[in-house]
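Q: One structure is given below, represented as structure tokens, and several questions about it will come after.
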Amino acid sequence: MPDIKIMQFPLEKLFRSKRGNSNYTKKYCNTHIGEYEVYTGTTIGSFGKINTYEYSTPQLTYTTDGEYAGTVALIEDEKFNIGGHRAILIPNSENLYLKYFHYILGSIIRSKTKDGSVPSVTWANIKRLEIPVPIKENGEYDVETQQEIAYKYELLSNHRAVLRNYMEQLDESYIEISDNNCNYKEVPLNKLFKYKRGRSCTREYCNQHKGNYPVWSANNIEPLAYVDFNDYEGRYISLSRNGIAGKITILDGKFTINEDRFLLVPLEYNIDYDFIKYAVEPILRSKKKGRAGHDGQNEFTKISFMILDKVMVRMPVTEDGEYDIEAQQQIAKKYDKLYKVKEEISKRIEQLITTEIFLSNDE
């Protein structure tokens with residue numbers, strides 16, 4: 001591509017904003033069922049389809065509030081509708097190529113989203129944002145260059161989608177290690193552990209009992225809250241039954257779990273927790289039910305308490321039939337090294353996917 005000239009323009013000079021139709025509620029959609037999609041605040045799945053349509057040409061839009069506030073989307077359906085939690089960017093010139101601005105505006109508008117109980121982005125907050133646009137020598141918008149740049153962004157987006165797919169497959173892939181020098185025995189999980197369910201412990205209840213002890217819920221990374229009591233003390237294997245179901249987290253210290261989590265309490269003394277995590281988690285994850293997620297996010301799956309009794313664990317055993325704790329520990333160390341390599345590869349892919357590209361006159 002020859003040298004291009006880039007100039008910054010306020011968003012309001014390029015586009016005017018129009019809010020979607022607030023009449024398109026869930027109730028409206030349910031009473032006017034049809035074939036034409038209603039696009040509103042959600043960016044995952046279908047909000048609803050009705051029997052009329054307002055738009056039949058591509059529209060550049062952004063979500064105005066909710067979890068996905070600030071998400072820019074170019075809607076190119078043949079016939080469709082825009083709901084009240086989305087706004088349309090209407091170009092002020094025919095020389096503005098919508099697909100170019102779809103790629104350019106994504107991170108710019110998203111960065112202006114206001115956090116809060118309901119994240120939001122308003123036209124007042126984004127209309128003066130400076131947007132890079134290729135121009136001709138005479139100062140007119142260069143639509144041909146916009147198209148060329150958009151094509152390159154599209155290729156990049158396709159490559160990123162392939163990388164994200166690889167990353168999701170990598171994240172959900174599990175490694176199986178066997179030591180040929182070991183003897184193994186298939187053992188039901190309920191012969192190794194008894195199960196403890198969490199107590200009813202809502203966020204509201206936690207707010208009434210604030211303290212220093214974590215309450216672990218469906219989230220496998222951070223506690224739901226901190227309270228002034230604890231139900232357990234020590235090191236335990238825990239697993240989430242909702243959210244990203246079947247994930248195993250080893251908890252250590254003083255803590256409480258709520259109804260979204262189980263504990264596995266050992267019935268035998270010679271069981272290595274890390275080995276159990278690596279050996280059992282793949283089995284549990286294969287039995288999850290529910291929404292698998294989108295682009296690696298927003299999974300909501302469940303696992304039944306009764307499923308645990310059907311899980312068989314391939315345990316290393318000594319010649320006299322005892323569980324071989326040393327073999328478990330050696331295998332767990334091998335797992336740990338391999339999963340660290342896998343995690344590093346996943347991080348590198350994530351960096352490639354999330355790297356933003358900006359236009360300037362230097363390009």
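Convention: chains lettered A, B, ... in structure tokens order; per-chain residue numbering from 1; ligands numbered from 1 as shown.
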To test your reading of the structure, identify every residue in stretch 96-268 of chain A that backbone DSSP assigns to strand (DSSP E), and report it as a VMD selection string.

A: chain A and resid 130 to 135 183 to 188 193 to 197 210 to 216 225 to 227 232 to 240 248 to 257 261 to 266

Q: Output C-alpha atoms for every residue in that selection, as a PDB file, in the first residue's frame.

A:
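For reference, result.pdb as written:
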```
ATOM      1  CA  GLU A 130     -10.557  11.895  17.689  1.00  0.00           C
ATOM      2  CA  ILE A 131     -10.815   9.201  15.017  1.00  0.00           C
ATOM      3  CA  PRO A 132      -8.084   8.505  12.411  1.00  0.00           C
ATOM      4  CA  VAL A 133      -9.351   8.606   8.828  1.00  0.00           C
ATOM      5  CA  PRO A 134      -7.367   8.286   5.576  1.00  0.00           C
ATOM      6  CA  ILE A 135      -7.777  11.390   3.413  1.00  0.00           C
ATOM      7  CA  ASN A 183       0.805 -50.654  38.889  1.00  0.00           C
ATOM      8  CA  TYR A 184      -2.644 -49.077  38.635  1.00  0.00           C
ATOM      9  CA  LYS A 185      -6.089 -49.786  40.005  1.00  0.00           C
ATOM     10  CA  GLU A 186      -9.415 -48.240  38.929  1.00  0.00           C
ATOM     11  CA  VAL A 187     -11.050 -46.811  42.059  1.00  0.00           C
ATOM     12  CA  PRO A 188     -14.466 -45.088  42.389  1.00  0.00           C
ATOM     13  CA  PHE A 193     -13.335 -39.205  49.284  1.00  0.00           C
ATOM     14  CA  LYS A 194     -16.508 -38.241  51.035  1.00  0.00           C
ATOM     15  CA  TYR A 195     -18.228 -35.158  49.646  1.00  0.00           C
ATOM     16  CA  LYS A 196     -19.095 -32.003  51.545  1.00  0.00           C
ATOM     17  CA  ARG A 197     -21.602 -29.537  50.154  1.00  0.00           C
ATOM     18  CA  LYS A 210     -17.916  -9.044  56.848  1.00  0.00           C
ATOM     19  CA  GLY A 211     -14.563 -10.311  58.045  1.00  0.00           C
ATOM     20  CA  ASN A 212     -11.241 -11.822  56.965  1.00  0.00           C
ATOM     21  CA  TYR A 213     -12.170 -15.384  55.975  1.00  0.00           C
ATOM     22  CA  PRO A 214     -12.905 -16.139  52.299  1.00  0.00           C
ATOM     23  CA  VAL A 215     -16.156 -17.636  51.072  1.00  0.00           C
ATOM     24  CA  TRP A 216     -15.533 -19.710  47.949  1.00  0.00           C
ATOM     25  CA  ALA A 225     -16.619 -12.382  49.762  1.00  0.00           C
ATOM     26  CA  TYR A 226     -14.836 -12.311  53.136  1.00  0.00           C
ATOM     27  CA  VAL A 227     -16.728 -13.057  56.343  1.00  0.00           C
ATOM     28  CA  TYR A 232     -13.018 -25.312  57.424  1.00  0.00           C
ATOM     29  CA  GLU A 233      -9.356 -25.096  58.313  1.00  0.00           C
ATOM     30  CA  GLY A 234      -6.610 -26.915  56.470  1.00  0.00           C
ATOM     31  CA  ARG A 235      -5.889 -28.076  52.929  1.00  0.00           C
ATOM     32  CA  TYR A 236      -8.785 -29.418  50.864  1.00  0.00           C
ATOM     33  CA  ILE A 237      -9.659 -30.372  47.312  1.00  0.00           C
ATOM     34  CA  SER A 238     -12.649 -28.343  46.132  1.00  0.00           C
ATOM     35  CA  LEU A 239     -14.562 -28.252  42.892  1.00  0.00           C
ATOM     36  CA  SER A 240     -17.101 -25.864  41.385  1.00  0.00           C
ATOM     37  CA  ILE A 248     -10.716 -28.275  40.816  1.00  0.00           C
ATOM     38  CA  THR A 249      -9.149 -25.732  43.172  1.00  0.00           C
ATOM     39  CA  ILE A 250      -7.023 -26.729  46.152  1.00  0.00           C
ATOM     40  CA  LEU A 251      -7.946 -24.519  49.107  1.00  0.00           C
ATOM     41  CA  ASP A 252      -5.642 -23.996  52.059  1.00  0.00           C
ATOM     42  CA  GLY A 253      -6.251 -22.085  55.298  1.00  0.00           C
ATOM     43  CA  LYS A 254      -9.459 -21.027  57.029  1.00  0.00           C
ATOM     44  CA  PHE A 255     -12.439 -20.645  54.693  1.00  0.00           C
ATOM     45  CA  THR A 256     -16.091 -21.387  53.941  1.00  0.00           C
ATOM     46  CA  ILE A 257     -17.761 -22.701  50.780  1.00  0.00           C
ATOM     47  CA  ARG A 261     -18.886 -25.670  45.544  1.00  0.00           C
ATOM     48  CA  PHE A 262     -18.052 -29.152  46.895  1.00  0.00           C
ATOM     49  CA  LEU A 263     -15.185 -30.357  49.066  1.00  0.00           C
ATOM     50  CA  LEU A 264     -13.560 -33.752  48.651  1.00  0.00           C
ATOM     51  CA  VAL A 265     -12.511 -35.023  52.080  1.00  0.00           C
ATOM     52  CA  PRO A 266     -10.074 -37.973  51.843  1.00  0.00           C
TER      53      PRO A 266
END
```

Q: From the set A:Tyr100, A:Ser93, A:Ser46, A:Gly84, which residue has the shortest atom-to-atom contact distance to A:Tyr151, counting only C-alpha atoms?

A: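 Checking each candidate against A:Tyr151, we get A:Tyr100 as the closest.
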
Q: Check the smallest atom-to-atom distance from each of A:Arg19, A:Phe101, A:Ile244, A:Asn181 to A:Ile149 using only C-alpha atoms, then report the winner.

A: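 Of A:Arg19, A:Phe101, A:Ile244, A:Asn181, the one nearest A:Ile149 is A:Phe101, counting only C-alpha atoms.
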
Q: Name the residues in contact with stretch 126-129 of chain A at a cut-off of 9 Å, using only C-alpha atoms, excluding same-chain residues fewer than 5 positions from it; report them as a PyMOL selection string.

A: chain A and resi 9-13+15-17+108-109+112+121

Q: Just list as a PyMOL selection string whatever in stretch 172-305 of chain A DSSP marks as alpha helix (DSSP H).

A: chain A and resi 189-192+203-208+273-286

Q: Which residues, written as a PDB file with N, CA and C atoms, in the first residue's frame, have at least one atom at most 12 Å from A:Lys247, with only C-alpha atoms counted and residues fewer than 5 positions away on the same chain left out?

A:
```
ATOM      1  N   GLU A 172      -8.832 -26.245  26.939  1.00  0.00           N
ATOM      2  CA  GLU A 172      -9.729 -27.337  27.311  1.00  0.00           C
ATOM      3  C   GLU A 172      -9.111 -28.712  27.061  1.00  0.00           C
ATOM      4  N   SER A 217     -17.107 -19.687  46.136  1.00  0.00           N
ATOM      5  CA  SER A 217     -18.353 -19.994  45.445  1.00  0.00           C
ATOM      6  C   SER A 217     -18.026 -20.665  44.112  1.00  0.00           C
ATOM      7  N   ALA A 218     -18.741 -20.313  43.040  1.00  0.00           N
ATOM      8  CA  ALA A 218     -18.516 -20.918  41.725  1.00  0.00           C
ATOM      9  C   ALA A 218     -17.188 -20.471  41.106  1.00  0.00           C
ATOM     10  N   ASN A 219     -16.752 -19.253  41.448  1.00  0.00           N
ATOM     11  CA  ASN A 219     -15.525 -18.713  40.866  1.00  0.00           C
ATOM     12  C   ASN A 219     -14.315 -19.487  41.384  1.00  0.00           C
ATOM     13  N   ASN A 220     -13.458 -19.929  40.450  1.00  0.00           N
ATOM     14  CA  ASN A 220     -12.285 -20.713  40.829  1.00  0.00           C
ATOM     15  C   ASN A 220     -11.039 -19.862  41.046  1.00  0.00           C
ATOM     16  N   ILE A 221     -11.168 -18.556  40.845  1.00  0.00           N
ATOM     17  CA  ILE A 221     -10.001 -17.676  40.918  1.00  0.00           C
ATOM     18  C   ILE A 221     -10.005 -16.820  42.176  1.00  0.00           C
ATOM     19  N   ILE A 237      -9.327 -30.395  48.737  1.00  0.00           N
ATOM     20  CA  ILE A 237      -9.659 -30.372  47.312  1.00  0.00           C
ATOM     21  C   ILE A 237     -11.087 -29.864  47.189  1.00  0.00           C
ATOM     22  N   SER A 238     -11.292 -28.859  46.352  1.00  0.00           N
ATOM     23  CA  SER A 238     -12.649 -28.343  46.132  1.00  0.00           C
ATOM     24  C   SER A 238     -12.925 -28.308  44.633  1.00  0.00           C
ATOM     25  N   LEU A 239     -14.210 -28.365  44.305  1.00  0.00           N
ATOM     26  CA  LEU A 239     -14.562 -28.252  42.892  1.00  0.00           C
ATOM     27  C   LEU A 239     -15.851 -27.468  42.749  1.00  0.00           C
ATOM     28  N   SER A 240     -15.938 -26.693  41.665  1.00  0.00           N
ATOM     29  CA  SER A 240     -17.101 -25.864  41.385  1.00  0.00           C
ATOM     30  C   SER A 240     -18.189 -26.721  40.754  1.00  0.00           C
ATOM     31  N   ARG A 241     -19.421 -26.539  41.219  1.00  0.00           N
ATOM     32  CA  ARG A 241     -20.543 -27.277  40.634  1.00  0.00           C
ATOM     33  C   ARG A 241     -21.340 -26.413  39.663  1.00  0.00           C
ATOM     34  N   ASN A 242     -21.116 -25.093  39.676  1.00  0.00           N
ATOM     35  CA  ASN A 242     -21.758 -24.163  38.744  1.00  0.00           C
ATOM     36  C   ASN A 242     -20.692 -23.261  38.139  1.00  0.00           C
ATOM     37  N   ASP A 260     -22.426 -23.487  45.724  1.00  0.00           N
ATOM     38  CA  ASP A 260     -21.888 -23.639  44.364  1.00  0.00           C
ATOM     39  C   ASP A 260     -20.573 -24.413  44.333  1.00  0.00           C
ATOM     40  N   ARG A 261     -20.183 -24.986  45.479  1.00  0.00           N
ATOM     41  CA  ARG A 261     -18.886 -25.670  45.544  1.00  0.00           C
ATOM     42  C   ARG A 261     -18.982 -26.910  46.428  1.00  0.00           C
ATOM     43  N   PHE A 262     -18.187 -27.944  46.081  1.00  0.00           N
ATOM     44  CA  PHE A 262     -18.052 -29.152  46.895  1.00  0.00           C
ATOM     45  C   PHE A 262     -16.645 -29.198  47.483  1.00  0.00           C
ATOM     46  N   LEU A 263     -16.500 -29.957  48.578  1.00  0.00           N
ATOM     47  CA  LEU A 263     -15.185 -30.357  49.066  1.00  0.00           C
ATOM     48  C   LEU A 263     -15.065 -31.867  48.955  1.00  0.00           C
ATOM     49  N   ILE A 276      -4.646 -35.898  42.237  1.00  0.00           N
ATOM     50  CA  ILE A 276      -6.096 -36.009  42.067  1.00  0.00           C
ATOM     51  C   ILE A 276      -6.619 -34.890  41.177  1.00  0.00           C
ATOM     52  N   LYS A 277      -6.109 -33.677  41.372  1.00  0.00           N
ATOM     53  CA  LYS A 277      -6.547 -32.550  40.533  1.00  0.00           C
ATOM     54  C   LYS A 277      -6.289 -32.856  39.062  1.00  0.00           C
ATOM     55  N   TYR A 278      -5.070 -33.281  38.758  1.00  0.00           N
ATOM     56  CA  TYR A 278      -4.724 -33.519  37.360  1.00  0.00           C
ATOM     57  C   TYR A 278      -5.462 -34.736  36.788  1.00  0.00           C
ATOM     58  N   ALA A 279      -5.714 -35.752  37.606  1.00  0.00           N
ATOM     59  CA  ALA A 279      -6.329 -36.977  37.120  1.00  0.00           C
ATOM     60  C   ALA A 279      -7.853 -36.876  37.010  1.00  0.00           C
ATOM     61  N   VAL A 280      -8.477 -36.139  37.938  1.00  0.00           N
ATOM     62  CA  VAL A 280      -9.941 -36.131  38.026  1.00  0.00           C
ATOM     63  C   VAL A 280     -10.579 -34.976  37.257  1.00  0.00           C
ATOM     64  N   GLU A 281      -9.930 -33.812  37.233  1.00  0.00           N
ATOM     65  CA  GLU A 281     -10.553 -32.652  36.588  1.00  0.00           C
ATOM     66  C   GLU A 281     -10.957 -32.920  35.135  1.00  0.00           C
ATOM     67  N   PRO A 282     -10.123 -33.564  34.309  1.00  0.00           N
ATOM     68  CA  PRO A 282     -10.561 -33.823  32.925  1.00  0.00           C
ATOM     69  C   PRO A 282     -11.843 -34.658  32.857  1.00  0.00           C
ATOM     70  N   ILE A 283     -11.993 -35.595  33.784  1.00  0.00           N
ATOM     71  CA  ILE A 283     -13.189 -36.439  33.790  1.00  0.00           C
ATOM     72  C   ILE A 283     -14.415 -35.598  34.132  1.00  0.00           C
ATOM     73  N   LEU A 284     -14.284 -34.755  35.155  1.00  0.00           N
ATOM     74  CA  LEU A 284     -15.401 -33.918  35.573  1.00  0.00           C
ATOM     75  C   LEU A 284     -15.789 -32.920  34.489  1.00  0.00           C
ATOM     76  N   ARG A 285     -14.795 -32.311  33.859  1.00  0.00           N
ATOM     77  CA  ARG A 285     -15.085 -31.320  32.813  1.00  0.00           C
ATOM     78  C   ARG A 285     -15.792 -31.968  31.623  1.00  0.00           C
ATOM     79  N   SER A 286     -15.524 -33.232  31.383  1.00  0.00           N
ATOM     80  CA  SER A 286     -16.183 -33.926  30.264  1.00  0.00           C
ATOM     81  C   SER A 286     -17.647 -34.214  30.568  1.00  0.00           C
ATOM     82  N   LYS A 287     -18.036 -34.112  31.836  1.00  0.00           N
ATOM     83  CA  LYS A 287     -19.406 -34.421  32.235  1.00  0.00           C
ATOM     84  C   LYS A 287     -20.244 -33.173  32.520  1.00  0.00           C
ATOM     85  N   LYS A 288     -19.685 -31.998  32.283  1.00  0.00           N
ATOM     86  CA  LYS A 288     -20.416 -30.752  32.542  1.00  0.00           C
ATOM     87  C   LYS A 288     -21.577 -30.606  31.575  1.00  0.00           C
ATOM     88  N   THR A 301     -21.842 -23.647  33.174  1.00  0.00           N
ATOM     89  CA  THR A 301     -22.138 -25.064  33.155  1.00  0.00           C
ATOM     90  C   THR A 301     -22.400 -25.553  34.575  1.00  0.00           C
ATOM     91  N   LYS A 302     -22.967 -26.740  34.659  1.00  0.00           N
ATOM     92  CA  LYS A 302     -23.264 -27.354  35.951  1.00  0.00           C
ATOM     93  C   LYS A 302     -22.772 -28.790  35.955  1.00  0.00           C
ATOM     94  N   ILE A 303     -22.543 -29.285  37.160  1.00  0.00           N
ATOM     95  CA  ILE A 303     -22.214 -30.698  37.304  1.00  0.00           C
ATOM     96  C   ILE A 303     -23.021 -31.240  38.469  1.00  0.00           C
TER      97      ILE A 303
END
```

Q: Find the distance between atom CA of A:Ile271 and atom CA of A:Asn180 and write it in Å to one decimal.

A: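 The value is 19.5 Å.
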